[in-house]
Structure formats: structure tokens, C-alpha cells
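Note: the block below is run-v6.pdb and it holds PDB, C-alpha atoms and all ligand atoms.
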```pdb
ATOM      1  CA  MET F   1     -91.344 -29.164  14.129
ATOM      2  CA  LEU F   2     -88.229 -31.265  13.618
ATOM      3  CA  ILE F   3     -89.653 -34.733  14.220
ATOM      4  CA  LYS F   4     -93.257 -35.844  14.399
ATOM      5  CA  ALA F   5     -93.917 -39.526  15.033
ATOM      6  CA  GLU F   6     -97.472 -40.803  15.328
ATOM      7  CA  HIS F   7     -98.626 -44.303  16.247
ATOM      8  CA  ILE F   8     -95.559 -46.107  14.966
ATOM      9  CA  TYR F   9     -95.674 -49.902  15.029
ATOM     10  CA  LYS F  10     -92.871 -52.250  14.087
ATOM     11  CA  ILE F  11     -93.070 -56.015  13.821
ATOM     12  CA  TYR F  12     -90.072 -58.311  13.427
ATOM     13  CA  LYS F  13     -90.732 -61.582  11.709
ATOM     14  CA  THR F  14     -88.546 -64.565  12.483
ATOM     15  CA  ASN F  15     -87.982 -66.895   9.566
ATOM     16  CA  ALA F  16     -89.778 -70.182   9.439
ATOM     17  CA  SER F  17     -87.608 -73.249   9.884
ATOM     18  CA  PHE F  18     -88.194 -76.988   9.930
ATOM     19  CA  PHE F  19     -89.131 -76.779  13.601
ATOM     20  CA  HIS F  20     -90.853 -73.413  13.820
ATOM     21  CA  ARG F  21     -93.504 -71.594  11.931
ATOM     22  CA  GLU F  22     -92.825 -67.936  11.105
ATOM     23  CA  LYS F  23     -93.298 -65.912  14.264
ATOM     24  CA  GLU F  24     -94.157 -62.261  14.639
ATOM     25  CA  PHE F  25     -92.810 -60.089  17.364
ATOM     26  CA  ASN F  26     -94.188 -56.596  18.072
ATOM     27  CA  VAL F  27     -91.043 -54.681  18.866
ATOM     28  CA  LEU F  28     -92.566 -51.181  18.829
ATOM     29  CA  ASN F  29     -96.164 -50.460  19.762
ATOM     30  CA  ASP F  30     -97.916 -47.161  19.171
ATOM     31  CA  ILE F  31     -94.912 -44.860  19.507
ATOM     32  CA  SER F  32     -95.859 -41.178  19.320
ATOM     33  CA  PHE F  33     -93.766 -38.140  20.119
ATOM     34  CA  SER F  34     -92.746 -34.843  18.593
ATOM     35  CA  LEU F  35     -89.546 -32.887  18.933
ATOM     36  CA  ASP F  36     -88.822 -29.219  18.245
ATOM     37  CA  CYS F  37     -85.636 -27.989  16.638
ATOM     38  CA  GLY F  38     -82.886 -27.271  19.155
ATOM     39  CA  ASN F  39     -84.212 -29.705  21.752
ATOM     40  CA  THR F  40     -81.962 -32.592  22.709
ATOM     41  CA  LEU F  41     -83.785 -35.884  23.149
ATOM     42  CA  SER F  42     -82.683 -38.932  25.073
ATOM     43  CA  ILE F  43     -84.290 -42.292  24.476
ATOM     44  CA  ILE F  44     -83.873 -44.518  27.502
ATOM     45  CA  GLY F  45     -85.100 -47.919  28.543
ATOM     46  CA  GLU F  46     -83.977 -51.386  29.474
ATOM     47  CA  SER F  47     -82.071 -53.660  27.153
ATOM     48  CA  GLY F  48     -84.430 -54.980  24.498
ATOM     49  CA  SER F  49     -87.017 -52.215  24.958
ATOM     50  CA  GLY F  50     -86.667 -51.159  21.312
ATOM     51  CA  LYS F  51     -84.312 -48.149  21.475
ATOM     52  CA  THR F  52     -82.014 -49.148  18.615
ATOM     53  CA  THR F  53     -84.999 -50.224  16.529
ATOM     54  CA  LEU F  54     -86.610 -46.807  16.983
ATOM     55  CA  ALA F  55     -83.309 -45.090  16.115
ATOM     56  CA  LYS F  56     -83.034 -47.116  12.912
ATOM     57  CA  ILE F  57     -86.589 -46.142  11.996
ATOM     58  CA  LEU F  58     -85.834 -42.469  12.650
ATOM     59  CA  SER F  59     -82.805 -42.794  10.351
ATOM     60  CA  ALA F  60     -84.895 -44.644   7.735
ATOM     61  CA  LEU F  61     -82.488 -47.578   7.882
ATOM     62  CA  ILE F  62     -85.437 -49.903   8.416
ATOM     63  CA  PRO F  63     -89.112 -49.384   7.561
ATOM     64  CA  PHE F  64     -91.974 -49.335  10.049
ATOM     65  CA  ASP F  65     -95.238 -51.227   9.620
ATOM     66  CA  SER F  66     -97.787 -48.539  10.378
ATOM     67  CA  GLY F  67     -98.029 -45.005  11.653
ATOM     68  CA  MET F  68     -96.560 -41.751  10.425
ATOM     69  CA  LEU F  69     -93.106 -40.206  10.647
ATOM     70  CA  GLU F  70     -92.252 -36.705   9.479
ATOM     71  CA  ILE F  71     -89.010 -34.777   9.609
ATOM     72  CA  ASN F  72     -89.361 -31.034   9.023
ATOM     73  CA  GLY F  73     -92.948 -31.627   7.950
ATOM     74  CA  LYS F  74     -92.004 -34.118   5.243
ATOM     75  CA  LYS F  75     -92.812 -37.823   5.321
ATOM     76  CA  ILE F  76     -89.657 -39.842   5.831
ATOM     77  CA  GLN F  77     -90.578 -42.189   2.959
ATOM     78  CA  SER F  78     -90.412 -39.314   0.488
ATOM     79  CA  PHE F  79     -86.794 -38.350   1.230
ATOM     80  CA  THR F  80     -84.193 -39.336  -1.343
ATOM     81  CA  ARG F  81     -81.157 -41.274  -0.071
ATOM     82  CA  ARG F  82     -78.967 -38.200  -0.355
ATOM     83  CA  GLU F  83     -81.489 -35.955   1.455
ATOM     84  CA  LEU F  84     -81.722 -38.547   4.183
ATOM     85  CA  SER F  85     -77.987 -38.777   4.703
ATOM     86  CA  GLN F  86     -77.835 -34.995   4.996
ATOM     87  CA  THR F  87     -80.749 -34.962   7.436
ATOM     88  CA  VAL F  88     -80.143 -37.861   9.816
ATOM     89  CA  GLN F  89     -76.905 -39.621  10.709
ATOM     90  CA  MET F  90     -76.717 -42.443  13.187
ATOM     91  CA  ILE F  91     -73.666 -43.452  15.187
ATOM     92  CA  PHE F  92     -73.963 -47.145  15.943
ATOM     93  CA  GLN F  93     -73.827 -48.891  19.265
ATOM     94  CA  ASN F  94     -70.510 -50.553  18.404
ATOM     95  CA  PRO F  95     -68.377 -48.103  16.413
ATOM     96  CA  TYR F  96     -65.766 -50.803  15.748
ATOM     97  CA  ALA F  97     -68.164 -52.886  13.706
ATOM     98  CA  SER F  98     -69.180 -49.861  11.656
ATOM     99  CA  PHE F  99     -65.696 -49.345  10.178
ATOM    100  CA  ASN F 100     -64.265 -51.505   7.431
ATOM    101  CA  PRO F 101     -61.184 -53.051   9.097
ATOM    102  CA  LYS F 102     -59.359 -53.285   5.754
ATOM    103  CA  LEU F 103     -59.551 -49.559   5.031
ATOM    104  CA  THR F 104     -57.532 -46.777   6.613
ATOM    105  CA  ILE F 105     -59.540 -44.154   8.486
ATOM    106  CA  GLY F 106     -58.580 -41.698   5.735
ATOM    107  CA  VAL F 107     -60.193 -43.863   3.054
ATOM    108  CA  SER F 108     -63.298 -44.484   5.181
ATOM    109  CA  LEU F 109     -63.746 -40.777   5.841
ATOM    110  CA  SER F 110     -63.153 -39.908   2.150
ATOM    111  CA  GLN F 111     -65.866 -42.365   1.166
ATOM    112  CA  ALA F 112     -68.291 -40.773   3.609
ATOM    113  CA  PHE F 113     -67.635 -37.276   2.263
ATOM    114  CA  ASP F 114     -70.026 -36.238  -0.496
ATOM    115  CA  GLY F 115     -69.372 -32.509  -0.873
ATOM    116  CA  ASN F 116     -67.106 -30.588  -3.248
ATOM    117  CA  GLU F 117     -63.888 -32.602  -3.775
ATOM    118  CA  ASP F 118     -61.767 -29.417  -3.553
ATOM    119  CA  ASN F 119     -62.856 -28.923   0.051
ATOM    120  CA  LYS F 120     -62.557 -32.556   1.104
ATOM    121  CA  GLU F 121     -59.255 -32.331   2.928
ATOM    122  CA  THR F 122     -60.175 -29.156   4.801
ATOM    123  CA  VAL F 123     -63.606 -30.441   5.818
ATOM    124  CA  ILE F 124     -62.204 -33.769   7.074
ATOM    125  CA  LYS F 125     -59.512 -31.914   9.010
ATOM    126  CA  ASP F 126     -62.111 -29.550  10.535
ATOM    127  CA  LYS F 127     -64.361 -32.385  11.665
ATOM    128  CA  LEU F 128     -61.426 -34.273  13.173
ATOM    129  CA  PHE F 129     -60.397 -31.111  15.004
ATOM    130  CA  LEU F 130     -63.939 -30.751  16.350
ATOM    131  CA  VAL F 131     -63.724 -34.194  17.945
ATOM    132  CA  GLY F 132     -60.195 -33.599  19.251
ATOM    133  CA  LEU F 133     -58.222 -35.639  16.716
ATOM    134  CA  GLU F 134     -55.498 -34.699  14.255
ATOM    135  CA  LYS F 135     -55.023 -35.664  10.645
ATOM    136  CA  ASN F 136     -52.096 -37.947  11.472
ATOM    137  CA  ILE F 137     -54.703 -40.607  12.268
ATOM    138  CA  LEU F 138     -55.757 -40.845   8.622
ATOM    139  CA  ASP F 139     -53.176 -43.463   7.625
ATOM    140  CA  LYS F 140     -54.088 -45.801  10.465
ATOM    141  CA  TYR F 141     -56.546 -48.690  10.569
ATOM    142  CA  PRO F 142     -59.572 -49.051  12.908
ATOM    143  CA  HIS F 143     -57.904 -51.658  15.152
ATOM    144  CA  GLN F 144     -55.120 -49.220  15.968
ATOM    145  CA  PHE F 145     -57.427 -47.041  18.076
ATOM    146  CA  SER F 146     -58.968 -47.197  21.523
ATOM    147  CA  GLY F 147     -62.733 -47.389  22.009
ATOM    148  CA  GLY F 148     -62.929 -43.697  22.860
ATOM    149  CA  GLN F 149     -60.893 -42.726  19.780
ATOM    150  CA  ARG F 150     -63.069 -44.858  17.525
ATOM    151  CA  GLN F 151     -66.135 -43.223  19.011
ATOM    152  CA  ARG F 152     -64.634 -39.819  18.091
ATOM    153  CA  ILE F 153     -63.856 -40.984  14.553
ATOM    154  CA  ALA F 154     -67.422 -42.271  14.199
ATOM    155  CA  ILE F 155     -68.734 -38.873  15.313
ATOM    156  CA  ALA F 156     -66.443 -37.078  12.836
ATOM    157  CA  ARG F 157     -67.600 -39.368  10.026
ATOM    158  CA  ALA F 158     -71.271 -38.683  10.821
ATOM    159  CA  LEU F 159     -70.595 -34.929  10.877
ATOM    160  CA  LEU F 160     -69.084 -34.989   7.372
ATOM    161  CA  LYS F 161     -72.621 -34.822   5.984
ATOM    162  CA  ASN F 162     -73.525 -31.851   8.202
ATOM    163  CA  PRO F 163     -76.693 -33.649   9.292
ATOM    164  CA  GLU F 164     -79.511 -31.787  10.975
ATOM    165  CA  ILE F 165     -80.036 -34.697  13.340
ATOM    166  CA  LEU F 166     -77.358 -36.868  14.873
ATOM    167  CA  ILE F 167     -78.497 -40.043  16.625
ATOM    168  CA  ALA F 168     -75.909 -41.538  18.965
ATOM    169  CA  ASP F 169     -76.695 -45.083  20.095
ATOM    170  CA  GLU F 170     -75.105 -45.734  23.498
ATOM    171  CA  PRO F 171     -72.144 -43.411  22.852
ATOM    172  CA  PHE F 172     -70.949 -43.659  26.454
ATOM    173  CA  ALA F 173     -71.188 -47.416  26.862
ATOM    174  CA  SER F 174     -67.882 -49.268  27.247
ATOM    175  CA  LEU F 175     -65.976 -46.058  27.981
ATOM    176  CA  ASP F 176     -64.415 -45.168  31.320
ATOM    177  CA  ALA F 177     -65.771 -42.175  33.246
ATOM    178  CA  VAL F 178     -63.104 -39.747  31.988
ATOM    179  CA  SER F 179     -63.638 -40.692  28.332
ATOM    180  CA  GLN F 180     -67.408 -40.509  28.847
ATOM    181  CA  THR F 181     -67.093 -36.916  30.024
ATOM    182  CA  LYS F 182     -64.864 -36.054  27.066
ATOM    183  CA  ILE F 183     -67.283 -37.559  24.555
ATOM    184  CA  MET F 184     -70.176 -35.789  26.263
ATOM    185  CA  ASP F 185     -68.285 -32.466  25.939
ATOM    186  CA  ILE F 186     -67.807 -33.136  22.224
ATOM    187  CA  PHE F 187     -71.545 -33.601  21.758
ATOM    188  CA  LEU F 188     -72.280 -30.403  23.677
ATOM    189  CA  LYS F 189     -69.795 -28.558  21.448
ATOM    190  CA  ILE F 190     -71.385 -30.017  18.307
ATOM    191  CA  LYS F 191     -74.794 -28.902  19.512
ATOM    192  CA  LYS F 192     -73.540 -25.376  20.124
ATOM    193  CA  GLU F 193     -71.168 -24.863  17.201
ATOM    194  CA  GLU F 194     -72.769 -26.920  14.439
ATOM    195  CA  LYS F 195     -76.368 -26.411  15.643
ATOM    196  CA  THR F 196     -76.917 -30.155  15.218
ATOM    197  CA  ASN F 197     -79.963 -31.651  16.920
ATOM    198  CA  ILE F 198     -78.799 -34.595  18.957
ATOM    199  CA  ILE F 199     -80.693 -37.721  19.976
ATOM    200  CA  PHE F 200     -78.967 -39.857  22.578
ATOM    201  CA  ILE F 201     -79.805 -43.442  23.282
ATOM    202  CA  THR F 202     -78.619 -44.541  26.661
ATOM    203  CA  HIS F 203     -79.199 -46.789  29.641
ATOM    204  CA  ASP F 204     -77.805 -44.052  31.812
ATOM    205  CA  VAL F 205     -80.734 -42.038  33.153
ATOM    206  CA  ALA F 206     -78.504 -39.627  35.083
ATOM    207  CA  ALA F 207     -76.507 -38.749  31.938
ATOM    208  CA  ALA F 208     -79.731 -38.411  29.952
ATOM    209  CA  MET F 209     -81.141 -35.977  32.530
ATOM    210  CA  GLU F 210     -77.964 -33.920  32.366
ATOM    211  CA  ILE F 211     -77.694 -33.526  28.610
ATOM    212  CA  SER F 212     -81.232 -33.485  27.275
ATOM    213  CA  ASP F 213     -84.341 -31.339  27.182
ATOM    214  CA  LYS F 214     -86.779 -34.183  26.541
ATOM    215  CA  ILE F 215     -86.795 -37.808  27.598
ATOM    216  CA  LEU F 216     -88.572 -40.689  25.910
ATOM    217  CA  ILE F 217     -88.754 -43.776  28.085
ATOM    218  CA  LEU F 218     -89.430 -47.059  26.324
ATOM    219  CA  LYS F 219     -90.637 -50.135  28.117
ATOM    220  CA  ASP F 220     -91.297 -53.371  26.221
ATOM    221  CA  GLY F 221     -91.652 -51.444  22.978
ATOM    222  CA  CYS F 222     -94.165 -48.932  24.363
ATOM    223  CA  VAL F 223     -93.748 -45.332  25.466
ATOM    224  CA  ALA F 224     -93.677 -45.472  29.272
ATOM    225  CA  ARG F 225     -93.257 -41.712  29.428
ATOM    226  CA  TYR F 226     -92.436 -38.777  27.188
ATOM    227  CA  ASP F 227     -91.751 -35.556  28.996
ATOM    228  CA  SER F 228     -89.374 -32.666  29.570
ATOM    229  CA  VAL F 229     -86.420 -33.281  31.864
ATOM    230  CA  SER F 230     -87.671 -30.575  34.211
ATOM    231  CA  ASN F 231     -91.064 -32.287  34.597
ATOM    232  CA  ILE F 232     -89.469 -35.675  35.155
ATOM    233  CA  ASP F 233     -87.066 -34.127  37.637
ATOM    234  CA  LYS F 234     -89.902 -32.467  39.591
ATOM    235  CA  ASP F 235     -92.044 -35.568  39.609
ATOM    236  CA  LYS F 236     -90.692 -38.064  42.076
ATOM    237  CA  THR F 237     -93.799 -40.228  41.876
ATOM    238  CA  ASP F 238     -93.185 -42.016  38.578
ATOM    239  CA  ALA F 239     -92.413 -45.529  39.743
ATOM    240  CA  TYR F 240     -90.760 -46.645  36.523
ATOM    241  CA  VAL F 241     -88.492 -43.564  36.294
ATOM    242  CA  ASN F 242     -87.454 -44.124  39.896
ATOM    243  CA  GLU F 243     -86.734 -47.757  39.165
ATOM    244  CA  LEU F 244     -84.522 -46.776  36.206
ATOM    245  CA  LEU F 245     -82.769 -44.101  38.259
ATOM    246  CA  ALA F 246     -82.103 -46.541  41.076
ATOM    247  CA  ALA F 247     -80.684 -49.052  38.576
ATOM    248  CA  THR F 248     -78.340 -46.369  37.176
ATOM    249  CA  TYR F 249     -76.939 -45.469  40.563
ATOM    250  CA  MET F 250     -76.488 -49.097  41.489
ATOM    251  CA  THR F 251     -74.266 -49.768  38.484
ATOM    252  CA  GLU F 252     -71.998 -46.764  39.130
TER     253      GLU F 252
HETATM  254  N1  LIG F 301     -83.511 -57.791  13.168
HETATM  255  C1  LIG F 301     -84.210 -58.275  14.194
HETATM  256  N2  LIG F 301     -85.021 -59.371  14.035
HETATM  257  C2  LIG F 301     -85.757 -59.851  15.055
HETATM  258  N3  LIG F 301     -85.765 -59.335  16.307
HETATM  259  C3  LIG F 301     -84.965 -58.272  16.540
HETATM  260  C4  LIG F 301     -84.149 -57.680  15.505
HETATM  261  N4  LIG F 301     -83.462 -56.636  16.039
HETATM  262  C5  LIG F 301     -83.821 -56.570  17.333
HETATM  263  N5  LIG F 301     -84.732 -57.527  17.630
HETATM  264  C6  LIG F 301     -85.385 -57.706  18.941
HETATM  265  O1  LIG F 301     -86.167 -56.555  19.192
HETATM  266  C7  LIG F 301     -86.078 -56.157  20.555
HETATM  267  C8  LIG F 301     -85.586 -54.735  20.651
HETATM  268  O2  LIG F 301     -84.267 -54.686  20.174
HETATM  269  P1  LIG F 301     -83.437 -53.322  20.194
HETATM  270  O3  LIG F 301     -82.113 -53.614  19.621
HETATM  271  O4  LIG F 301     -84.238 -52.257  19.537
HETATM  272  O5  LIG F 301     -83.348 -53.040  21.773
HETATM  273  P2  LIG F 301     -82.513 -51.970  22.573
HETATM  274  O6  LIG F 301     -83.469 -51.227  23.447
HETATM  275  O7  LIG F 301     -81.669 -51.156  21.646
HETATM  276  O8  LIG F 301     -81.593 -52.887  23.505
HETATM  277  P3  LIG F 301     -80.078 -52.644  24.030
HETATM  278  O9  LIG F 301     -80.195 -51.671  25.155
HETATM  279  O10 LIG F 301     -79.661 -54.004  24.501
HETATM  280  O11 LIG F 301     -79.258 -52.146  22.895
HETATM  281  C9  LIG F 301     -85.183 -57.184  21.218
HETATM  282  O12 LIG F 301     -85.996 -58.137  21.847
HETATM  283  C10 LIG F 301     -84.414 -57.798  20.085
HETATM  284  O13 LIG F 301     -84.052 -59.126  20.367
HETATM  285 MG    MG F 302     -79.655 -50.969  21.371
END
```
Any chance you could put this one into C-alpha cells?
Ligand SMILES: Nc1ncnc2c1ncn2[C@@H]1O[C@H](COP(=O)(O)OP(=O)(O)OP(=O)(O)O)[C@@H](O)[C@H]1O
Ligand SMILES: [Mg+2]
Amino acid sequence: MLIKAEHIYKIYKTNASFFHREKEFNVLNDISFSLDCGNTLSIIGESGSGKTTLAKILSALIPFDSGMLEINGKKIQSFTRRELSQTVQMIFQNPYASFNPKLTIGVSLSQAFDGNEDNKETVIKDKLFLVGLEKNILDKYPHQFSGGQRQRIAIARALLKNPEILIADEPFASLDAVSQTKIMDIFLKIKKEEKTNIIFITHDVAAAMEISDKILILKDGCVARYDSVSNIDKDKTDAYVNELLAATYMTE
């Protein structure tokens, strides 16, 4: 089993100030799911439902308060930093903010590479090729690219570690329909060619249904539903799924 999450809880604490006492906010409540290798998962839910928080927990970027999380049968807390970076990579919601604006893409990608130095150039070139970019981009700076190009560079950077799991947080947001399709094709290619397990986070239920095997629906920090796409597709009675689907079509 690739991922096993049991009864995960996460609380955010807001700092005390002159006017307020410290407040606690339960952002994730009793999240349980498991995912087999080779299955693509989409995490969907309204804004603020806890999707990015769950993704950060799955990438061990933030701790959780209680529960259990295993990747390949091993507790996430017992991974070393290096093991973690080779196991899970997350592509952030806003790829612009995740690049240092003062560094060229070449320098950023070199810093992310942690394999044999002799292979560095070839590996970087291969990953850029996989996402449809050429090495002439390496001397440029992040602001010199479009949103879609930056998304591709962020994917290439994540792939430099050959992670087993790639978590993409809203990879299609803020892209036009044509670029969305292109980015989607890149993920499908990565899944096939690199055998990477992909977790998508998206508001777009229709896209999630198209690309994934399993769907985890979060509502107010709780699991509203965890099921296979085929079951969700067959079942037209789930009021919340229908509500989300209707919202997707309305925004198109
Ligand atoms: N560091 C933090 N400290 C306190 N509260 C936070 C923190 N990060 C997020 N939250 C709150 O936790 C809730 C869930 O946030 P999260 O970013 O996980 O939602 P999301 O489902 O990814 O939303 P979106 O679709 O808008 O990206 C929100 O109410 C948010 O305001
Ligand atoms: Mg988010």
C-alpha cells in the first residue's frame, strides 16, 4: 500500500494578541484513506476545506496532531529529509511564489538536483524535455515566463528527485483551457513513462473524474466521501457530489 492515513487531525493555533486569546481551529478532522500504488488520487472540495493542509501533511511539510500516516508501510515521521524528498514532491498552488525571483531557472533547477553531478546536465535536460521545454530557458528568470510555462518548470523541478509521489496543488487553476489540457497531458505522460503516482488537488470535479482512479472529497476539514471514480460516477444520489459537479459546470 502506497499511502495509509488513519484518523488524522490537524489543529491550527492563532497567536494570542492584545485583543485575542490564542484560538484553536480544527482544520482537519479524522481523515482516513488508503491508496494503492498506480492509482491516481484527486482531492477535491471547496475553498478552505483543508486540501492544501492535507497535501502539506502528506509531504511532511507540516506535522499533524494525531493519527497515523504511512507511506510504503513506513511511518512518515521516520523518513529522513532526503528519503522524503525522493518519496514525495509537492508542486505548490502558486508556482511563481515557489521560485526565487533572483535566480535563473538553471540555478534553481541545479539546486534542486541531488544526484550524481556528472549526470546533472543530462537529467535536467531530460526532465525539461518531458514537460515540453528546452534548455534555452535555463538562463532566464522566473518573471520571464507565462503561468503555464512556470507550471511546467515547477513540474520539471519536482521530477528531478524522481519522487514516487507527486502532489500537484491546483495545477490547472489560472490557466486557459488549452494550457490546462497541455498540462494534463504532461501529467498523464509522467504517470505512464516515469511510473509516478500522482495526487491532484483541484476544485474542478469534472477534471478530477477524468484523470483519477480515486476521489477524496473534503468538506469543512472532514472526509465527505472517499470512493473510486466509477462508484461516484454510477451514484447520482450523493447530494454533495452533485452540488460540487453543478458548481463546476456553472463556472465553465
Ligand atoms: N498556517 C495557517 N494558520 C492558520 N490557519 C490556516 C493556515 N493555513 C490555512 N489555514 C486555514 O485552514 C483552512 C484550510 O486551508 P487550506 O489552505 O488547507 O484550504 P484549501 O482547501 O486548500 O483551500 P483553497 O481551495 O482555497 O486553496 C482555511 O480556513 C485556512 O484559512
Ligand atoms: Mg489550497
Tell me which residues the PyMOL selection byres (((not hetatm)) within 8 of (chain F and resi 302)) grabs here, as a PyMOL selection string. chain F and resi 47-48+50-53+93+169-170+201
- Task: Would you kindly translate the PyMOL selection byres (((chain F and resi 171-183) around 12) and not hetatm) into the concrete residues it picks from this file, as a ChimeraX atom specification?
- Result: /F:42,90-96,130-132,146-156,166-170,184-190,198-205,207-208,210-211,252
#### Entry: Within 8 Å of file point (-71.1, -41.9, 4.4), counting all atoms listed in the file, expressed as a VMD selection string
chain F and resid 85 109 111 to 114 157 to 158 160 to 161
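Residue nearest Ser98 of chain F, chosen from F:Gly115, F:Gly221, F:Gly67, F:Pro142 and counting all atoms listed in the file: F:Pro142.
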Nearest to Leu138 of chain F, restricted to all atoms listed in the file and choosing among F:Cys37, F:Leu159, F:Ile44, F:Ile105, comes out as F:Ile105
Since I can't run it myself right now, could you work out what the PyMOL selection byres (((chain F and resi 196) around 9) and not hetatm) selects here and report it as a JSON list (two decimals) with C-alpha atoms, in the coordinates of the input?
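Saved as result-v3.json:
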```json
[["chain", "number", "residue", "atom", "x", "y", "z"],
["F", 38, "GLY", "CA", -82.89, -27.27, 19.16],
["F", 162, "ASN", "CA", -73.53, -31.85, 8.20],
["F", 163, "PRO", "CA", -76.69, -33.65, 9.29],
["F", 164, "GLU", "CA", -79.51, -31.79, 10.98],
["F", 165, "ILE", "CA", -80.04, -34.70, 13.34],
["F", 166, "LEU", "CA", -77.36, -36.87, 14.87],
["F", 190, "ILE", "CA", -71.39, -30.02, 18.31],
["F", 191, "LYS", "CA", -74.79, -28.90, 19.51],
["F", 192, "LYS", "CA", -73.54, -25.38, 20.12],
["F", 193, "GLU", "CA", -71.17, -24.86, 17.20],
["F", 194, "GLU", "CA", -72.77, -26.92, 14.44],
["F", 195, "LYS", "CA", -76.37, -26.41, 15.64],
["F", 197, "ASN", "CA", -79.96, -31.65, 16.92],
["F", 198, "ILE", "CA", -78.80, -34.60, 18.96]]
```
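Taking atom CA of Ala16 of chain F as the reference point, atom CA of Ala60 of chain F is found at 26.1 Å.
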For ligand LIG 301 (chain F), what centre and edge lengths in Å (one decimal) does the axis-aligned box get once 5 Å is added on each side of all its listed atoms, as AutoDock Vina command-line options?
```
--center_x -82.7 --center_y -55.5 --center_z 19.2 --size_x 16.9 --size_y 18.7 --size_z 22.0
```
Of F:Lys140, F:Ala239, F:Leu28, F:Gly106, the one sitting nearest Leu128 of chain F when using all atoms listed in the file is F:Gly106
Exercise: segment 30-32 of chain F partners within 7 Å, all atoms listed in the file, chain neighbours under 4 positions left out, as a ChimeraX atom specification:
/F:5-9,222-223
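Nearest residue to ligand LIG 301 (chain F), choosing from F:Gln144, F:Thr122, F:Asn29, F:Gln77 and counting only C-alpha atoms and all ligand atoms: F:Asn29.
For the choices F:Ala246, F:Met68, F:Leu41, F:Ile217, the atom-to-atom distance to ligand LIG 301 (chain F) is smallest for F:Ile217 when using all atoms listed in the file.
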The residue from F:Asn100, F:Ser110, F:Gln89, F:Ser49 with the smallest atom-to-atom distance to Lys125 of chain F, counting all atoms listed in the file, is F:Ser110
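Reported to one decimal place, the separation of atom CA of Ala97 of chain F from atom CA of Ile43 of chain F is 22.1 Å.
From atom O7 of ligand LIG 301 (chain F) back to atom CA of Leu58 of chain F, the distance works out to 13.2 Å.
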Take segment 110-125 of chain F from the preceding structure and save N, CA and C atoms as a compact mmCIF listing (two decimals), in the first residue's frame.
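The resulting file, result.txt, is reproduced below:
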```
# COMPACT_ATOMS: atom_id res chain seq x y z
N SER F 110 19.43 23.45 -10.73
CA SER F 110 20.68 22.83 -10.24
C SER F 110 20.62 22.60 -8.75
N GLN F 111 20.05 23.58 -8.03
CA GLN F 111 19.96 23.45 -6.57
C GLN F 111 19.02 22.31 -6.18
N ALA F 112 18.01 22.07 -7.00
CA ALA F 112 17.05 21.02 -6.66
C ALA F 112 17.60 19.63 -6.97
N PHE F 113 18.59 19.58 -7.85
CA PHE F 113 19.15 18.28 -8.25
C PHE F 113 20.05 17.73 -7.15
N ASP F 114 19.84 16.46 -6.74
CA ASP F 114 20.77 15.95 -5.72
C ASP F 114 21.36 14.59 -6.10
N GLY F 115 21.44 14.34 -7.41
CA GLY F 115 22.05 13.08 -7.87
C GLY F 115 23.52 13.27 -8.17
N ASN F 116 24.07 12.39 -9.00
CA ASN F 116 25.46 12.43 -9.41
C ASN F 116 25.72 13.66 -10.29
N GLU F 117 26.64 14.52 -9.86
CA GLU F 117 26.94 15.77 -10.58
C GLU F 117 27.21 15.55 -12.07
N ASP F 118 27.87 14.42 -12.41
CA ASP F 118 28.21 14.17 -13.81
C ASP F 118 26.97 14.08 -14.69
N ASN F 119 25.86 13.64 -14.09
CA ASN F 119 24.64 13.45 -14.89
C ASN F 119 23.73 14.66 -14.86
N LYS F 120 24.10 15.67 -14.07
CA LYS F 120 23.18 16.78 -13.81
C LYS F 120 22.59 17.38 -15.09
N GLU F 121 23.48 17.74 -16.01
CA GLU F 121 23.01 18.43 -17.20
C GLU F 121 22.03 17.58 -18.00
N THR F 122 22.38 16.30 -18.16
CA THR F 122 21.53 15.39 -18.93
C THR F 122 20.18 15.22 -18.25
N VAL F 123 20.19 15.03 -16.93
CA VAL F 123 18.93 14.79 -16.21
C VAL F 123 18.04 16.03 -16.32
N ILE F 124 18.62 17.21 -16.11
CA ILE F 124 17.82 18.45 -16.20
C ILE F 124 17.23 18.58 -17.60
N LYS F 125 18.05 18.30 -18.60
CA LYS F 125 17.58 18.40 -19.99
C LYS F 125 16.44 17.40 -20.24
```
